[in-house]
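As provided, query_3.cif (mmCIF, C-alpha atoms) reads as follows.
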data_start
#
loop_
_atom_site.label_atom_id
_atom_site.label_comp_id
_atom_site.auth_asym_id
_atom_site.auth_seq_id
_atom_site.Cartn_x
_atom_site.Cartn_y
_atom_site.Cartn_z
CA MET X 1 64.16 -71.11 57.52
CA ALA X 2 64.32 -74.45 55.69
CA THR X 3 60.55 -74.39 55.16
CA THR X 4 60.75 -70.94 53.64
CA ALA X 5 63.53 -71.99 51.29
CA ARG X 6 61.59 -75.10 50.22
CA GLN X 7 58.45 -73.09 49.46
CA LEU X 8 60.43 -70.47 47.59
CA PHE X 9 61.29 -72.92 44.79
CA SER X 10 58.00 -74.88 44.64
CA ARG X 11 55.03 -74.12 42.39
CA PRO X 12 52.33 -71.93 43.96
CA HIS X 13 49.04 -73.56 44.97
CA THR X 14 46.90 -70.48 44.54
CA ALA X 15 44.82 -69.78 41.44
CA GLU X 16 44.41 -66.23 40.24
CA TYR X 17 40.63 -65.87 40.47
CA PRO X 18 39.71 -63.49 37.69
CA ASP X 19 42.02 -65.27 35.26
CA VAL X 20 41.24 -68.86 36.32
CA ALA X 21 37.60 -69.80 36.91
CA PRO X 22 37.08 -71.74 40.14
CA GLU X 23 35.79 -75.31 40.01
CA LEU X 24 32.67 -75.27 42.16
CA PRO X 25 30.36 -78.17 43.02
CA ALA X 26 27.31 -78.48 40.76
CA ARG X 27 24.77 -77.46 43.42
CA SER X 28 26.81 -74.75 45.14
CA ARG X 29 25.01 -71.73 46.57
CA GLY X 30 25.33 -68.54 44.63
CA VAL X 31 22.49 -66.14 44.00
CA ILE X 32 18.78 -66.78 44.63
CA ALA X 33 16.78 -67.35 41.43
CA LEU X 34 13.03 -66.85 40.92
CA VAL X 35 10.71 -68.90 38.73
CA GLU X 36 8.02 -66.26 38.35
CA SER X 37 5.37 -68.61 36.97
CA ASN X 38 5.49 -70.69 40.18
CA CYS X 39 5.13 -67.72 42.55
CA THR X 40 1.63 -67.25 44.01
CA SER X 41 2.49 -64.15 46.07
CA CYS X 42 1.81 -66.06 49.29
CA MET X 43 4.41 -63.88 51.08
CA LEU X 44 5.85 -66.78 53.10
CA CYS X 45 9.39 -66.04 51.93
CA ALA X 46 9.11 -62.35 52.83
CA ARG X 47 7.62 -63.13 56.26
CA GLU X 48 10.25 -65.71 57.16
CA CYS X 49 13.26 -63.72 55.93
CA PRO X 50 15.30 -62.68 59.00
CA ASP X 51 16.80 -59.72 57.14
CA TRP X 52 13.57 -58.43 55.56
CA CYS X 53 15.33 -58.18 52.21
CA ILE X 54 12.47 -59.58 50.08
CA HIS X 55 9.91 -57.11 48.74
CA ILE X 56 6.68 -58.40 47.17
CA ASP X 57 3.79 -56.42 45.68
CA SER X 58 0.71 -58.10 44.26
CA HIS X 59 -2.92 -57.50 43.48
CA LYS X 60 -6.00 -59.72 43.41
CA GLU X 61 -7.53 -60.72 40.11
CA GLU X 62 -10.90 -62.36 39.60
CA VAL X 63 -10.85 -65.72 37.84
CA PRO X 64 -14.05 -66.83 36.08
CA PRO X 65 -15.66 -70.06 37.28
CA ALA X 66 -14.30 -73.30 35.83
CA LYS X 67 -17.79 -74.78 35.38
CA GLU X 68 -21.09 -73.25 34.44
CA GLY X 69 -22.93 -72.15 37.58
CA GLY X 70 -19.75 -72.07 39.67
CA ARG X 71 -18.57 -69.04 41.54
CA ALA X 72 -15.75 -66.75 40.53
CA ARG X 73 -12.47 -67.04 42.44
CA GLN X 74 -9.73 -64.60 43.26
CA ARG X 75 -6.02 -65.17 42.86
CA ASN X 76 -2.95 -63.11 43.63
CA VAL X 77 -1.02 -61.71 40.69
CA LEU X 78 2.65 -60.90 41.23
CA ASP X 79 3.44 -57.27 40.43
CA ARG X 80 6.87 -56.92 42.03
CA PHE X 81 9.33 -59.38 43.52
CA ALA X 82 12.70 -58.00 44.57
CA ILE X 83 15.57 -59.23 46.73
CA ASP X 84 18.04 -56.74 48.16
CA PHE X 85 21.31 -58.68 48.11
CA SER X 86 23.05 -55.93 50.07
CA LEU X 87 20.94 -57.08 53.05
CA CYS X 88 20.64 -60.80 52.29
CA MET X 89 22.74 -63.15 54.42
CA TYR X 90 22.17 -66.14 52.08
CA CYS X 91 20.65 -68.34 54.77
CA GLY X 92 18.22 -70.00 52.32
CA ILE X 93 15.19 -69.83 54.60
CA CYS X 94 13.15 -68.25 51.79
CA ILE X 95 13.96 -71.20 49.52
CA GLU X 96 13.08 -73.74 52.20
CA VAL X 97 9.70 -72.22 53.10
CA CYS X 98 8.48 -71.68 49.52
CA PRO X 99 5.70 -74.27 49.06
CA PHE X 100 5.47 -73.73 45.30
CA ASP X 101 9.15 -74.15 44.30
CA ALA X 102 9.48 -70.59 43.05
CA LEU X 103 12.91 -69.91 44.63
CA PHE X 104 16.11 -71.84 43.97
CA TRP X 105 19.85 -71.54 44.53
CA SER X 106 21.66 -70.65 41.32
CA PRO X 107 25.38 -71.47 41.13
CA GLN X 108 26.13 -68.01 39.72
CA PHE X 109 28.10 -65.92 42.19
CA GLU X 110 29.58 -63.14 40.08
CA TYR X 111 27.17 -60.25 40.43
CA ALA X 112 29.28 -57.62 42.13
CA GLU X 113 28.22 -54.02 41.55
CA THR X 114 30.00 -50.71 41.96
CA ASP X 115 26.85 -49.08 43.35
CA ILE X 116 25.10 -50.70 46.32
CA ARG X 117 21.69 -49.72 44.93
CA ASP X 118 22.26 -52.08 42.01
CA LEU X 119 22.19 -55.06 44.39
CA LEU X 120 18.40 -54.75 44.53
CA HIS X 121 17.42 -57.38 41.94
CA GLU X 122 13.89 -57.20 40.56
CA LYS X 123 11.93 -60.22 39.28
CA GLU X 124 13.25 -59.87 35.73
CA ARG X 125 16.86 -60.17 36.86
CA LEU X 126 16.03 -62.92 39.36
CA GLY X 127 14.33 -64.81 36.53
CA GLN X 128 17.52 -64.68 34.46
CA TRP X 129 19.37 -66.57 37.20
CA ALA X 130 16.82 -69.43 36.99
CA ALA X 131 18.28 -70.63 33.67
CA ASP X 132 21.47 -71.68 35.50
CA VAL X 133 19.73 -73.73 38.21
CA PRO X 134 20.74 -77.41 37.85
CA ALA X 135 18.10 -80.12 37.81
CA PRO X 136 17.57 -81.90 41.12
CA PRO X 137 19.59 -85.07 41.62
CA PRO X 138 17.78 -88.33 40.80
CA LEU X 139 16.26 -90.32 43.62
CA ASP X 140 18.26 -93.22 44.99
CA PRO X 141 16.59 -96.42 43.72
CA GLY X 142 17.66 -98.29 46.87
CA ALA X 143 16.12 -95.74 49.24
CA ALA X 144 13.03 -96.50 51.28
CA GLU X 145 9.72 -95.20 49.98
CA ALA X 146 8.51 -91.94 51.49
CA PRO X 147 5.97 -92.39 54.33
CA GLU X 148 3.42 -90.31 52.41
CA VAL X 149 3.61 -92.65 49.42
CA THR X 150 3.45 -95.75 51.61
CA SER X 151 0.32 -94.57 53.42
CA ALA X 152 -1.31 -93.45 50.16
CA ASN X 153 -0.78 -96.89 48.61
CA LYS X 154 -2.30 -98.80 51.55
CA PRO X 155 -5.69 -100.32 50.85
CA ALA X 156 -8.60 -98.59 52.57
CA ARG X 157 -9.66 -100.10 55.87
CA GLY X 158 -12.95 -101.94 55.95
CA GLY X 159 -15.99 -100.54 57.71
CA ARG X 160 -16.68 -100.96 61.42
CA ARG X 161 -17.85 -104.30 62.69
#

Go ahead and express the file in the form of structure tokens.
Amino acid sequence: MATTARQLFSRPHTAEYPDVAPELPARSRGVIALVESNCTSCMLCARECPDWCIHIDSHKEEVPPAKEGGRARQRNVLDRFAIDFSLCMYCGICIEVCPFDALFWSPQFEYAETDIRDLLHEKERLGQWAADVPAPPPLDPGAAEAPEVTSANKPARGGRR
């Protein structure tokens, strides 16, 4: 009873969420953002997604040769990229497997909808979230050099004797 009486006259610790914005860490997970120019339609994110909530449509486009006499190449062109956030469990596997840095965590988390069908975000809406993505933290100057850099900087071995 004494604890109840003490708490009755103390200031509350809770913050009223809609009225007071929460203080979140800079790189907190919110919604997944898409940088459309980096996406090559490789489909790795859609294949690795455990919830199958990523939908990608693309078509092949012929690219003329870079040099005279070269052969024409084909590249994928992104037509549709959509994430159904009503299915997404925010595991981040799609972000981890993307080899072209097209997907990022945006700190925005306020995208509630009254209709569940509005949680299907197309590439235009996903691109809007990319503006809020913070820059990556700087590298630690005291950290060891990456093994890839170390091996690339080694002098070439001499020929066989």

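The environment of Arg29 of chain X within 9 Å, counting all atoms listed in the file and disregarding residues fewer than 2 places along the same chain, consists of Arg27, Val31, Ile32, Tyr90, Trp105, Ser106, Pro107, Gln108 and Phe109 of chain X.
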
Can you turn the PyMOL selection byres ((chain X and resi 111-126) around 12) into a concrete residue list for this file, as a ChimeraX atom specification? /X:30-37,39,53-57,78-88,102-110,127-133

Using all atoms listed in the file, find the one residue out of X:Glu23, X:Ala15, X:Met89, X:Ala135 that sits nearest to Asp51 of chain X.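 Among the listed residues, the smallest separation from Asp51 of chain X belongs to X:Met89.
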
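The coordinates place atom CA of Thr14 of chain X at 21.1 Å from atom CA of Ala2 of chain X.
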
May I ask for the distance between atom CA of Glu148 of chain X and atom CA of Ile93 of chain X, given in Å to one decimal place?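 Those two atoms sit 23.7 Å apart.
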
So, with all atoms listed in the file as the atoms that count, which of X:Cys45, X:Leu8, X:Tyr17, X:Ala26 lies closest to Phe100 of chain X?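 Using all atoms listed in the file, the shortest distance to Phe100 of chain X belongs to X:Cys45.
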
Atomic separation - atom CA of Arg6 of chain X relative to atom CA of Pro22 of chain X, Å: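 Going from atom CA of Pro22 of chain X over to atom CA of Arg6 of chain X covers 26.7 Å.
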
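Closest approach to Pro50 of chain X from the set X:Pro138, X:Ser151, X:Ala156, X:Cys91 is made by X:Cys91, with distances taken over all atoms listed in the file.
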
Output check: residues returned by the PyMOL selection byres ((chain X and resi 59-66) around 9), as a list of chain:residue names: X:Ser41, X:Asp57, X:Ser58, X:Lys67, X:Glu68, X:Gly69, X:Gly70, X:Arg71, X:Ala72, X:Arg73, X:Gln74, X:Arg75, X:Asn76, X:Val77, X:Leu78, X:Asp79

Selected residue of minimal separation from Met43 of chain X among X:Pro18, X:Gly92, X:Pro99, X:Pro25, counting all atoms listed in the file: X:Pro99

Selected residue, from X:Gln7, X:Asn38, X:Ala144, X:Pro136, that lies nearest to Asp101 of chain X when counting all atoms listed in the file: X:Asn38

Which residue gives the smallest distance to Cys94 of chain X among X:Ala21, X:Gly142, X:Glu16, X:Leu44, with only C-alpha atoms counted? X:Leu44

Coords for segment 25-121 of chain X, C-alpha atoms, as a compact mmCIF listing (two decimals), in the first residue's frame:
# COMPACT_ATOMS: atom_id res chain seq x y z
CA PRO X 25 18.38 6.04 -32.06
CA ALA X 26 19.67 7.44 -35.36
CA ARG X 27 19.85 4.07 -37.15
CA SER X 28 16.68 2.51 -35.73
CA ARG X 29 14.66 0.17 -37.93
CA GLY X 30 11.47 1.55 -39.33
CA VAL X 31 10.28 0.99 -42.87
CA ILE X 32 12.31 -0.47 -45.75
CA ALA X 33 13.39 2.13 -48.31
CA LEU X 34 14.31 1.54 -51.97
CA VAL X 35 16.95 3.36 -54.01
CA GLU X 36 15.50 2.56 -57.41
CA SER X 37 18.58 3.57 -59.39
CA ASN X 38 20.66 0.91 -57.58
CA CYS X 39 18.19 -1.95 -58.19
CA THR X 40 19.17 -4.33 -61.00
CA SER X 41 16.10 -6.59 -60.66
CA CYS X 42 18.32 -9.50 -59.63
CA MET X 43 15.43 -10.88 -57.51
CA LEU X 44 17.70 -11.93 -54.62
CA CYS X 45 15.60 -10.01 -52.09
CA ALA X 46 12.36 -11.57 -53.32
CA ARG X 47 13.84 -15.08 -53.32
CA GLU X 48 15.29 -14.80 -49.82
CA CYS X 49 12.25 -13.18 -48.21
CA PRO X 50 10.70 -15.74 -45.81
CA ASP X 51 7.29 -14.07 -46.06
CA TRP X 52 7.22 -13.65 -49.86
CA CYS X 53 6.12 -10.05 -49.41
CA ILE X 54 8.36 -8.54 -52.13
CA HIS X 55 6.96 -8.36 -55.66
CA ILE X 56 9.28 -7.50 -58.57
CA ASP X 57 8.44 -7.19 -62.27
CA SER X 58 11.07 -6.37 -64.87
CA HIS X 59 11.84 -6.69 -68.54
CA LYS X 60 15.04 -7.06 -70.54
CA GLU X 61 16.34 -4.16 -72.58
CA GLU X 62 19.10 -4.28 -75.16
CA VAL X 63 22.07 -2.03 -74.51
CA PRO X 64 24.20 -1.01 -77.51
CA PRO X 65 27.87 -2.02 -77.47
CA ALA X 66 30.26 0.26 -75.61
CA LYS X 67 32.91 0.02 -78.33
CA GLU X 68 32.69 -0.22 -82.08
CA GLY X 69 32.56 -3.87 -83.12
CA GLY X 70 31.41 -5.03 -79.68
CA ARG X 71 28.28 -7.01 -79.09
CA ALA X 72 25.04 -5.70 -77.68
CA ARG X 73 24.19 -6.60 -74.08
CA GLN X 74 20.95 -7.07 -72.23
CA ARG X 75 20.06 -5.62 -68.86
CA ASN X 76 17.05 -5.89 -66.61
CA VAL X 77 14.84 -2.82 -66.27
CA LEU X 78 12.74 -2.51 -63.13
CA ASP X 79 9.04 -2.15 -63.91
CA ARG X 80 7.52 -2.83 -60.50
CA PHE X 81 8.96 -3.17 -57.01
CA ALA X 82 6.48 -3.51 -54.17
CA ILE X 83 6.66 -4.60 -50.53
CA ASP X 84 3.52 -5.73 -48.74
CA PHE X 85 4.08 -4.49 -45.20
CA SER X 86 1.00 -6.36 -43.99
CA LEU X 87 3.04 -9.55 -44.55
CA CYS X 88 6.54 -8.27 -43.78
CA MET X 89 8.05 -9.34 -40.46
CA TYR X 90 10.89 -6.76 -40.66
CA CYS X 91 13.66 -9.35 -40.43
CA GLY X 92 15.96 -7.38 -42.77
CA ILE X 93 17.08 -10.37 -44.82
CA CYS X 94 16.22 -8.51 -48.04
CA ILE X 95 18.50 -5.64 -47.01
CA GLU X 96 21.35 -7.98 -46.10
CA VAL X 97 21.27 -9.99 -49.34
CA CYS X 98 21.01 -7.00 -51.71
CA PRO X 99 24.43 -6.86 -53.44
CA PHE X 100 23.78 -3.44 -54.98
CA ASP X 101 22.72 -1.45 -51.88
CA ALA X 102 19.23 -0.79 -53.19
CA LEU X 103 17.41 -1.50 -49.89
CA PHE X 104 17.95 0.31 -46.59
CA TRP X 105 16.29 0.72 -43.20
CA SER X 106 14.60 4.09 -42.89
CA PRO X 107 13.94 5.39 -39.36
CA GLN X 108 10.37 6.34 -40.31
CA PHE X 109 7.85 4.15 -38.52
CA GLU X 110 4.59 6.07 -38.80
CA TYR X 111 2.85 4.61 -41.83
CA ALA X 112 -0.27 3.11 -40.32
CA GLU X 113 -3.23 2.77 -42.67
CA THR X 114 -6.94 2.29 -42.10
CA ASP X 115 -7.17 -0.14 -45.02
CA ILE X 116 -4.83 -3.15 -45.10
CA ARG X 117 -4.54 -2.90 -48.90
CA ASP X 118 -2.75 0.43 -48.49
CA LEU X 119 0.17 -1.34 -46.79
CA LEU X 120 1.33 -2.53 -50.22
CA HIS X 121 3.97 0.12 -50.99
